[in-house]
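Peer 1: Next comes query_23.txt, compact mmCIF, C-alpha atoms and all ligand atoms:
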# COMPACT_ATOMS: atom_id res chain seq x y z
CA MET A 1 115.82 75.16 94.25
CA LYS A 2 112.33 74.14 95.24
CA LEU A 3 109.81 76.89 95.81
CA ARG A 4 106.31 76.22 97.12
CA PHE A 5 103.63 78.92 97.26
CA LEU A 6 101.62 78.79 100.47
CA GLY A 7 99.22 81.60 99.57
CA HIS A 8 99.36 85.39 100.03
CA SER A 9 103.09 86.27 100.43
CA CYS A 10 104.17 83.01 102.05
CA PHE A 11 106.73 80.85 100.24
CA TYR A 12 108.67 77.76 101.23
CA LEU A 13 112.20 77.57 99.80
CA GLU A 14 114.32 74.46 99.81
CA GLU A 15 117.85 73.93 98.56
CA GLY A 16 119.72 71.03 100.17
CA SER A 17 119.58 71.42 103.93
CA PHE A 18 118.27 75.00 103.66
CA LYS A 19 114.54 74.92 104.38
CA ALA A 20 113.02 78.33 104.76
CA LEU A 21 109.69 80.06 105.06
CA ILE A 22 109.16 83.66 104.00
CA ASP A 23 106.30 85.60 105.65
CA PRO A 24 104.63 82.55 107.25
CA PHE A 25 100.98 83.66 107.32
CA ILE A 26 99.30 80.26 107.58
CA THR A 27 96.79 80.38 110.42
CA GLY A 28 93.92 82.63 109.38
CA ASN A 29 95.05 82.70 105.76
CA PRO A 30 91.97 81.69 103.76
CA GLN A 31 94.24 80.57 100.88
CA SER A 32 96.71 78.52 102.89
CA PRO A 33 97.06 74.91 101.75
CA ALA A 34 99.09 74.08 104.87
CA SER A 35 98.62 74.01 108.62
CA VAL A 36 101.20 74.91 111.22
CA ASP A 37 101.06 71.42 112.78
CA GLU A 38 102.39 69.76 109.63
CA ILE A 39 105.43 72.05 109.39
CA ASP A 40 108.28 70.28 111.15
CA GLU A 41 111.57 71.00 109.44
CA ILE A 42 112.35 74.67 108.92
CA THR A 43 115.86 76.12 109.29
CA HIS A 44 115.13 79.80 108.63
CA ILE A 45 112.14 82.15 108.66
CA PHE A 46 112.29 85.49 106.86
CA VAL A 47 109.91 88.24 108.00
CA THR A 48 109.63 91.29 105.74
CA HIS A 49 107.58 93.47 108.10
CA GLY A 50 105.44 93.43 111.21
CA HIS A 51 101.94 93.20 109.75
CA GLY A 52 99.95 90.16 110.84
CA ASP A 53 99.62 88.76 107.32
CA HIS A 54 103.45 88.48 107.15
CA LEU A 55 104.66 87.98 110.74
CA GLY A 56 101.87 85.39 110.85
CA ASP A 57 102.87 82.12 112.53
CA THR A 58 106.52 83.05 113.00
CA VAL A 59 106.46 82.49 116.77
CA PRO A 60 104.85 79.00 116.84
CA VAL A 61 106.79 77.75 113.80
CA ALA A 62 110.14 79.03 115.10
CA LYS A 63 109.42 77.51 118.53
CA ALA A 64 108.45 74.15 117.07
CA THR A 65 111.35 73.91 114.60
CA GLY A 66 114.15 75.93 116.21
CA ALA A 67 114.41 77.97 113.01
CA THR A 68 116.42 81.19 113.00
CA VAL A 69 114.27 84.23 112.25
CA ILE A 70 115.83 86.80 109.93
CA THR A 71 114.17 90.19 110.12
CA ASN A 72 114.75 93.86 110.88
CA HIS A 73 116.10 95.01 114.25
CA GLU A 74 112.80 96.19 115.72
CA ILE A 75 110.85 93.04 114.89
CA GLY A 76 113.84 90.96 116.01
CA VAL A 77 113.88 92.60 119.44
CA TYR A 78 110.13 91.95 119.71
CA LEU A 79 110.57 88.26 118.76
CA GLU A 80 113.47 87.67 121.15
CA LYS A 81 110.99 88.13 123.99
CA PHE A 82 109.38 84.86 122.85
CA GLY A 83 112.72 83.09 123.19
CA LEU A 84 113.28 82.73 119.45
CA LYS A 85 116.65 82.54 117.71
CA VAL A 86 116.88 85.78 115.78
CA HIS A 87 119.30 87.30 113.29
CA THR A 88 118.58 90.99 112.85
CA MET A 89 119.68 93.10 109.92
CA HIS A 90 118.45 96.18 108.13
CA ILE A 91 117.78 97.91 104.83
CA GLY A 92 120.77 97.76 102.50
CA GLY A 93 122.67 95.32 104.65
CA ARG A 94 124.02 92.11 103.18
CA VAL A 95 125.23 89.18 105.26
CA LYS A 96 126.87 85.83 104.58
CA MET A 97 125.13 82.97 106.33
CA ASP A 98 125.80 79.24 106.29
CA PHE A 99 123.43 78.68 103.36
CA GLY A 100 124.42 81.69 101.21
CA THR A 101 123.81 85.44 101.43
CA VAL A 102 120.90 87.66 102.38
CA LYS A 103 120.40 91.32 101.56
CA MET A 104 117.58 93.41 102.94
CA THR A 105 115.94 95.76 100.45
CA PRO A 106 113.71 98.78 101.03
CA ALA A 107 109.93 98.64 100.81
CA LEU A 108 107.50 101.54 100.85
CA HIS A 109 104.92 100.41 103.37
CA GLY A 110 104.28 100.19 107.15
CA SER A 111 105.51 97.65 109.70
CA GLY A 112 103.50 98.11 112.92
CA ILE A 113 103.01 94.97 115.03
CA THR A 114 99.50 94.51 116.40
CA THR A 115 99.58 93.12 119.94
CA GLU A 116 97.03 92.73 122.72
CA ASP A 117 98.36 96.00 124.13
CA GLY A 118 97.97 97.91 120.89
CA MET A 119 100.32 98.53 118.00
CA ILE A 120 104.06 98.60 118.54
CA TYR A 121 106.75 99.96 116.28
CA GLY A 122 108.10 97.42 113.80
CA GLY A 123 110.86 99.46 112.16
CA ASN A 124 111.10 99.90 108.41
CA PRO A 125 109.42 97.35 106.19
CA GLY A 126 111.68 95.57 103.73
CA GLY A 127 112.20 92.80 101.26
CA PHE A 128 114.92 90.17 100.91
CA ILE A 129 117.36 89.06 98.26
CA ILE A 130 118.23 85.50 99.20
CA GLU A 131 121.10 83.86 97.32
CA VAL A 132 121.53 80.13 97.69
CA ASN A 133 123.70 77.95 95.48
CA ASN A 134 124.10 80.80 92.94
CA LYS A 135 120.35 81.28 92.63
CA LYS A 136 118.90 84.64 93.63
CA ILE A 137 115.37 85.07 94.87
CA TYR A 138 113.93 88.52 95.57
CA HIS A 139 110.89 88.70 97.85
CA ALA A 140 109.62 92.28 97.71
CA GLY A 141 107.51 92.14 100.87
CA ASP A 142 104.64 94.63 100.75
CA THR A 143 105.60 97.71 98.79
CA GLY A 144 104.56 100.35 96.34
CA LEU A 145 106.54 100.84 93.17
CA THR A 146 109.86 102.55 93.93
CA MET A 147 112.73 103.89 91.86
CA ASP A 148 114.97 101.81 94.17
CA MET A 149 113.84 98.78 92.22
CA LYS A 150 115.93 100.03 89.30
CA LEU A 151 119.02 99.20 91.38
CA LEU A 152 117.89 95.60 91.62
CA GLU A 153 118.59 95.07 87.94
CA GLU A 154 122.30 94.96 88.86
CA GLU A 155 121.62 92.15 91.32
CA LYS A 156 120.72 89.83 88.42
CA ILE A 157 117.71 88.37 90.15
CA ASP A 158 116.59 84.92 89.02
CA ILE A 159 113.12 84.92 90.57
CA ALA A 160 111.21 88.01 91.73
CA LEU A 161 108.22 87.51 94.03
CA LEU A 162 106.11 90.65 93.63
CA PRO A 163 102.85 91.88 95.17
CA ILE A 164 100.22 92.73 92.55
CA GLY A 165 97.02 93.02 94.61
CA GLY A 166 96.72 96.80 94.89
CA ASN A 167 95.21 98.78 97.79
CA PHE A 168 98.07 98.01 100.23
CA THR A 169 100.79 97.41 97.62
CA MET A 170 101.55 97.76 93.92
CA ASP A 171 98.69 96.86 91.64
CA VAL A 172 99.14 94.98 88.37
CA GLU A 173 100.07 98.09 86.39
CA ASP A 174 102.79 99.13 88.85
CA ALA A 175 104.03 95.57 89.33
CA VAL A 176 104.56 95.37 85.56
CA ARG A 177 106.71 98.52 85.80
CA ALA A 178 108.58 96.95 88.72
CA VAL A 179 109.41 93.93 86.56
CA GLU A 180 110.72 96.27 83.85
CA PHE A 181 113.00 97.87 86.47
CA ILE A 182 114.22 94.62 88.03
CA LYS A 183 114.45 92.46 84.89
CA PRO A 184 114.44 89.11 86.69
CA LYS A 185 114.46 85.86 84.76
CA VAL A 186 111.11 84.86 86.25
CA ALA A 187 108.43 86.88 88.05
CA ILE A 188 105.89 85.27 90.35
CA PRO A 189 102.90 87.34 91.53
CA MET A 190 101.78 87.29 95.18
CA HIS A 191 99.58 89.21 97.66
CA TYR A 192 96.40 89.07 95.57
CA LYS A 193 92.86 87.73 96.08
CA THR A 194 93.51 86.62 99.66
CA PHE A 195 90.92 89.19 100.68
CA PRO A 196 88.35 90.95 98.45
CA VAL A 197 90.16 94.29 98.70
CA ILE A 198 93.33 92.98 97.00
CA ASN A 199 91.89 91.80 93.71
CA GLY A 200 94.78 92.15 91.21
CA ASP A 201 94.50 89.63 88.39
CA PRO A 202 97.62 87.45 87.93
CA TYR A 203 96.63 86.60 84.33
CA GLU A 204 96.46 90.28 83.43
CA PHE A 205 99.93 90.61 85.02
CA LYS A 206 101.26 87.68 82.99
CA GLU A 207 99.85 89.09 79.75
CA SER A 208 101.31 92.53 80.39
CA VAL A 209 104.88 91.46 81.24
CA ASP A 210 107.13 90.96 78.26
CA VAL A 211 110.65 91.27 79.71
CA CYS A 212 110.64 87.90 81.50
CA ASP A 213 108.64 84.76 82.17
CA VAL A 214 105.73 84.99 84.59
CA VAL A 215 104.82 81.90 86.55
CA ILE A 216 101.45 81.91 88.30
CA LEU A 217 101.33 79.56 91.27
CA ASN A 218 98.16 78.50 93.01
CA PRO A 219 98.43 77.97 96.76
CA GLY A 220 100.14 74.62 97.28
CA ASP A 221 101.88 74.66 93.87
CA GLU A 222 105.59 73.90 93.60
CA TYR A 223 108.06 75.43 91.20
CA ASN A 224 111.56 74.10 90.64
CA TYR A 225 114.28 76.38 89.38
NI NI B 1 101.76 94.81 105.08
MN MN B 2 100.39 92.40 103.50
Go ahead and express the file in the form of structure tokens.
Ligand code: NI
Ligand code: MN
Peer 2:
Amino acid sequence: MKLRFLGHSCFYLEEGSFKALIDPFITGNPQSPASVDEIDEITHIFVTHGHGDHLGDTVPVAKATGATVITNHEIGVYLEKFGLKVHTMHIGGRVKMDFGTVKMTPALHGSGITTEDGMIYGGNPGGFIIEVNNKKIYHAGDTGLTMDMKLLEEEKIDIALLPIGGNFTMDVEDAVRAVEFIKPKVAIPMHYKTFPVINGDPYEFKESVDVCDVVILNPGDEYNY
């Protein structure tokens, strides 16, 4: 599996013909190494919640590529108005898809969608466990530390993508506790230093985690698992 970090919480996943983006915040992302114009082949887009730094470029990328958007019911209904192909699911649900399975996990956060007409309801925020070719990736979305993460240990996660920035999500200290709950094989920090207010230090995170490997990716970096 190829994983490429596109800054903030945005990751590109590739395994065979499965080419996915998670939380495609590219335009307006000061850390993004990519631009929407250069993204041509995407089969699936996962959206964890409705905030602009996660919903991001979902509409233009899905329109340009024909990708199926996988997200919660409320965001899905919102996106269908743009003519996108949408698969909606919700917290705790698992589904078999052509590339593997997806389970939606809880997140403690908000999910409002900011529009020109004000904020609209975006359902519950979540995260995703994506299993492709017997490899399991967990993208936590934006969340505080929760006891629910203890249940994820049983999922036998290979790679956990965890926010560490603080202010809106877990900080380093809580993300370290999350890793101890989840016990993935590899943890990759995200959602830090995009903006001054989320200043968690990935090196402090790496030094503090001793139950698994921590891989720090700079925007644009690739990791093969
Ligand atoms: Ni958020
Ligand atoms: Mn966020």
Peer 1: For region 130-147 of chain A, work out the shell of residues within 9 Å, counting only C-alpha atoms and skipping chain neighbours fewer than 5 positions away, then give it as a PyMOL selection string.
Peer 2: chain A and resi 1+9+15+18+22-23+47-49+54+99-110+125+155-163+166+168-171+174-175+177-178+181+184+191+225
Peer 1: Find the residues near Gln31 (chain A): any atom within 10 Å, counting all atoms listed in the file, skip ones fewer than 4 places away on the same chain, and give them as an mmCIF file with C-alpha atoms, in the coordinates of the input.
Peer 2:
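Below is the file out-v7.cif, written as the result:
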data_model
loop_
_atom_site.group_PDB
_atom_site.id
_atom_site.type_symbol
_atom_site.label_atom_id
_atom_site.label_comp_id
_atom_site.auth_asym_id
_atom_site.auth_seq_id
_atom_site.Cartn_x
_atom_site.Cartn_y
_atom_site.Cartn_z
ATOM 1 C CA LEU A 6 101.620 78.790 100.470
ATOM 2 C CA GLY A 7 99.220 81.600 99.570
ATOM 3 C CA HIS A 8 99.360 85.390 100.030
ATOM 4 C CA PHE A 25 100.980 83.660 107.320
ATOM 5 C CA ILE A 26 99.300 80.260 107.580
ATOM 6 C CA THR A 27 96.790 80.380 110.420
ATOM 7 C CA LYS A 193 92.860 87.730 96.080
ATOM 8 C CA THR A 194 93.510 86.620 99.660
ATOM 9 C CA PHE A 195 90.920 89.190 100.680
ATOM 10 C CA ASN A 218 98.160 78.500 93.010
ATOM 11 C CA PRO A 219 98.430 77.970 96.760
ATOM 12 C CA GLY A 220 100.140 74.620 97.280
#
Peer 1: Considering only C-alpha atoms, state which residue in the set A:Ala34, A:Ala67, A:Val61, A:Leu55 is at the smallest distance from Phe5 (chain A).
Peer 2: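 Among A:Ala34, A:Ala67, A:Val61, A:Leu55, it is A:Ala34 that comes nearest to Phe5 (chain A).
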Peer 1: Could you tell me which of A:Pro30, A:Pro24, A:Gly122, A:Gly76 comes closest to Thr88 (chain A) if we count only C-alpha atoms?
Peer 2: A:Gly76
Peer 1: If we count all atoms listed in the file and set the cut-off at 6 Å, which residues sit around region 112-117 of chain A, ignoring sequence neighbours fewer than 3 positions away in its own chain? Please answer as a compact mmCIF listing (two decimals) with C-alpha atoms, in the frame of the given file.
Peer 2:
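Writing done, so here's result-v3.txt:
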# COMPACT_ATOMS: atom_id res chain seq x y z
CA GLY A 50 105.44 93.43 111.21
CA HIS A 51 101.94 93.20 109.75
CA ILE A 120 104.06 98.60 118.54
CA TYR A 121 106.75 99.96 116.28
CA GLY A 122 108.10 97.42 113.80
Peer 1: Tell me, in Å to one decimal, how far CA of Ile45 (chain A) is from atom NI of ligand NI 1 (chain B).
Peer 2: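 Interatomic distance here is 16.8 Å.
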Peer 1: Find, counting only C-alpha atoms, the residue in A:Val176, A:Val209, A:Phe128, A:Gly165 that gets nearest to Pro196 (chain A).
Peer 2: A:Gly165
Peer 1: From the options A:Thr58, A:Ser111, A:Ser17, A:Asn224, which residue's atoms come nearest to ligand MN 2 (chain B), counting all atoms listed in the file?
Peer 2: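 With all atoms listed in the file as the atom set, the closest residue is A:Ser111.
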Peer 1: Could you check which of A:Gly92, A:Gly52, A:Pro189, A:Gly127 is closest to ligand NI 1 (chain B), using all atoms listed in the file?
Peer 2: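 Closest residue, counting all atoms listed in the file: A:Gly52.
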Peer 1: For ligand NI 1 (chain B), which residue among A:Leu152, A:Val77, A:Leu217, A:Ile198 is the nearest when counting all atoms listed in the file?
Peer 2: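 Distance minimum relative to ligand NI 1 (chain B) lands on A:Ile198.
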Peer 1: Which value, in Å to one decimal, gives the distance between CA of Ile70 (chain A) and CA of Met119 (chain A)?
Peer 2: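 Separating CA of Ile70 (chain A) from CA of Met119 (chain A) is a distance of 21.1 Å.
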Peer 1: Kindly give the distance, in Å, that separates CA of Phe11 (chain A) and CA of Lys96 (chain A), rounded to a single decimal.
Peer 2: 21.2 Å
Peer 1: Select all residues near (114.9, 77.4, 115.7) (cut-off 8 Å, inclusive, file coordinates), counting all atoms listed in the file, and output them as a ChimeraX atom specification.
Peer 2: /A:42-44,62-69,84-85
